[in-house]
Amino acid sequence: MKTNQLGRTDITVTEYCLGTMTFGSQTDEATAHAQIDRARDAGINFMDAAEMYPVNPVKKETIGLTEQILGNWFAKTGRRNEWIVATKHSGEGLAAVRDGAPITSDTIPGAVESSLKRLQADHIDLYQFHWPNRGSFMFRKNWRYDPTASSYSRADVIQDIEDCLGALTREVERGTIRAFGLSNDSAWGTMQWLREADRVGGPRVATIQNEYSLLCRMADTDLAELMHYEDVGLLPFSPLAAGLLSGKYQDGAVPEGSRMAINGDLGGRKTERAFAAVDAYLALAREFDIDPVHMALAFTVQRPFVASSIFGATTLEQLDRALGAIDLRLSEELLERIDAVHKQHPMPY
Ligand SMILES: NC(=O)c1ccc[n+]([C@@H]2O[C@H](COP(=O)([O-])OP(=O)(O)OC[C@H]3O[C@@H](n4cnc5c(N)ncnc54)[C@H](OP(=O)(O)O)[C@@H]3O)[C@@H](O)[C@H]2O)c1
């Protein structure tokens with residue numbers, strides 16, 4: 001499988017990354033461990049977790065369970081060294097973690113320590129901030145985005161970055177984290193982190209983990225340019241648009257046990273226009289005789305700025321199907337047709 005370097009670090013990851021956010025909720029520990037085995041056997045070396053996982057729903061009593069499940073696999077197999085492990089510090093406003101406290105130089109050491117304990121590991125390869133303290137326009141907030149509503153002034157943001165870079169530097173020096181990444185952030189935000197790291201020192205942003213798929217292409221313009229010139233890799237999350245691109249929700253279907261059956265509107269992704277766009281992509285996949293799941297996954301890894309695409313599988317069957325996309329490359333002809341569908345169905349949510 002093709003591998004990519006994370007930013008300017010010496011960390012190399014496979015172009016597919018196993019998402020873990022259902023480990024401990026929809027996916028029980030035995031199935032999660034079987035998924036880790038199978039993904040590794042297929043060549044994948046990268047897993048993405050977060051201190052707040054599992055999700056759907058996020059509950060105070062299950063915070064950390066996903067990391068624990070990973071940790072149990074590492075302890076059981078002794079194979080921590082075969083994986084590049086990413087996890088995340090939760091951001092401001094999530095009541096279930098630190099009562100919604102923002103990310104600060106004070107919270108970082110404790111959060112890292114707790115993740116390491118649950119992971120039964122001595123280091124985290126990629127430590128990410130789940131969303132910025134100042135707020136973000138991700139998760140459908142782009143439709144009414146108003147940066148003036150943030151309680152953080154420019155000076156606050158820069159001070160915050162400087163302080164956190166100091167705390168992250170101490171973690172790098174202690175050997176607890178190897179690289180640093182952002183999530184749910186913007187081109188402007190990422191640039192501030194890069195500039196401050198140059199100015200005051202500290203780990204340079206290596207990756208940005210934002211939603212990206214055939215249905216969510218906000219990273220294609222300003223962020224794409226930044227990622228190219230600054231050597232920051234995109235880690236697309238929800239490359240299957242949370243399951244929509246499999247086609248299983250078309251014509252009003254809501255399969256039992258599916259994410260839509262659990263959380264209703266797929267976090268705001270269930271829109272009329274999304275179903276129309278999915279119809280068009282399904283027709284294209286049929287015409288080119290390709291599995292729509294494979295088309296959606298391969299599309300993300302073929303984008304020039306992508307380091308590794310973080311897909312999810314609730315079941316082993318879904319994982320097997322996703323693994324079928326490994327090494328697949330979409331033809332130029334199909335990519336042009338995808339462009340045409342994208343123009344007809346821009347930003348469906
Ligand atoms: N940074 C962030 O804020 C953020 C946010 C979200 C996710 N993430 C990361 O990205 C990872 C992937 O996110 P995601 O799960 O939303 O990605 P995704 O790949 O778009 O969706 C995966 C989900 O789609 C459904 N699915 C997958 N294969 C299928 C198939 N063959 N047929 C039918 N349904 C299928 C399953 O859900 P059901 O079976 O339950 O319907 C599965 O859990 C997460 O685990 C996490 O690591 C990060």
# chains A, B, ... in the order shown; residues from 1 in each chain; ligands from 1
$ residues_near_ligand --ligand "ligand 1" --cutoff "8 Å" --atoms "only C-alpha atoms and all ligand atoms" --output "ChimeraX atom specification"
/A:18-22,26,47-50,130-131,183-184,209-211,213,236-248,255,257-261,293,310-315,317-319,321-322
$ residues_around --residues "Pro346 of chain A" --least-positions-apart "5" --cutoff "12 Å" --atoms "only C-alpha atoms" --output "VMD selection string"
chain A and resid 213 to 218 220 273 to 274 276 to 278 338 to 341
$ write_last_selection --atoms "N, CA and C atoms" --output "short mmCIF file (atom, residue, chain, number, x, y, z; two decimals), in the first residue's frame"
data_model
loop_
_atom_site.label_atom_id
_atom_site.label_comp_id
_atom_site.auth_asym_id
_atom_site.auth_seq_id
_atom_site.Cartn_x
_atom_site.Cartn_y
_atom_site.Cartn_z
N SER A 213 -14.77 14.32 1.68
CA SER A 213 -15.31 13.19 0.92
C SER A 213 -15.88 13.74 -0.37
N LEU A 214 -16.44 12.86 -1.19
CA LEU A 214 -17.13 13.32 -2.41
C LEU A 214 -18.22 14.33 -2.06
N LEU A 215 -18.78 14.24 -0.85
CA LEU A 215 -19.88 15.14 -0.49
C LEU A 215 -19.43 16.34 0.34
N CYS A 216 -18.19 16.35 0.76
CA CYS A 216 -17.74 17.45 1.64
C CYS A 216 -16.35 17.85 1.20
N ARG A 217 -16.26 18.90 0.39
CA ARG A 217 -14.98 19.22 -0.25
C ARG A 217 -14.50 20.62 0.12
N MET A 218 -14.76 21.01 1.36
CA MET A 218 -14.34 22.36 1.79
C MET A 218 -12.83 22.54 1.78
N ASP A 220 -10.80 21.88 -0.52
CA ASP A 220 -10.25 21.92 -1.89
C ASP A 220 -9.60 23.24 -2.30
N ARG A 273 -30.52 17.25 -0.83
CA ARG A 273 -29.48 17.40 -1.84
C ARG A 273 -28.39 16.34 -1.69
N ALA A 274 -28.18 15.86 -0.47
CA ALA A 274 -27.19 14.79 -0.28
C ALA A 274 -27.66 13.52 -0.99
N ALA A 276 -29.63 13.30 -3.54
CA ALA A 276 -29.53 13.51 -5.00
C ALA A 276 -28.08 13.33 -5.45
N ALA A 277 -27.15 13.87 -4.67
CA ALA A 277 -25.73 13.74 -5.03
C ALA A 277 -25.31 12.27 -4.96
N VAL A 278 -25.76 11.58 -3.92
CA VAL A 278 -25.39 10.15 -3.79
C VAL A 278 -25.96 9.37 -4.97
N ILE A 338 -16.44 12.58 -12.09
CA ILE A 338 -16.69 12.96 -10.69
C ILE A 338 -16.72 14.48 -10.58
N ASP A 339 -15.80 15.14 -11.26
CA ASP A 339 -15.80 16.62 -11.27
C ASP A 339 -17.15 17.15 -11.75
N ALA A 340 -17.68 16.51 -12.79
CA ALA A 340 -18.95 16.98 -13.36
C ALA A 340 -20.08 16.80 -12.35
N VAL A 341 -20.09 15.67 -11.65
CA VAL A 341 -21.14 15.45 -10.63
C VAL A 341 -20.97 16.47 -9.51
#
$ closest_residue --among "A:Thr271, A:Thr31, A:Ser308, A:Thr107" --to "Met1 of chain A" --atoms "only C-alpha atoms"
A:Ser308
$ select_by_dssp --residues "segment 140-233 of chain A" --states "helix (DSSP H, G or I)" --output "ChimeraX atom specification"
/A:141-144,147-149,154-174,187-200,218-220,222-230
$ residues_around --residues "Leu165 of chain A" --least-positions-apart "4" --cutoff "7 Å" --atoms "only C-alpha atoms" --output "number ranges by chain"
A: 161, 169, 202-203
$ closest_residue --among "A:Arg174, A:Gly64, A:Gly7, A:Ile290" --to "His228 of chain A" --atoms "only C-alpha atoms"
A:Gly7
$ residues_around --residues "segment 65-81 of chain A" --least-positions-apart "4" --cutoff "10 Å" --atoms "only C-alpha atoms" --output "NGL selection string"
:A and (20-25 or 27-30 or 32-34 or 36-37 or 45 or 47-55 or 61 or 85 or 87 or 114-123)
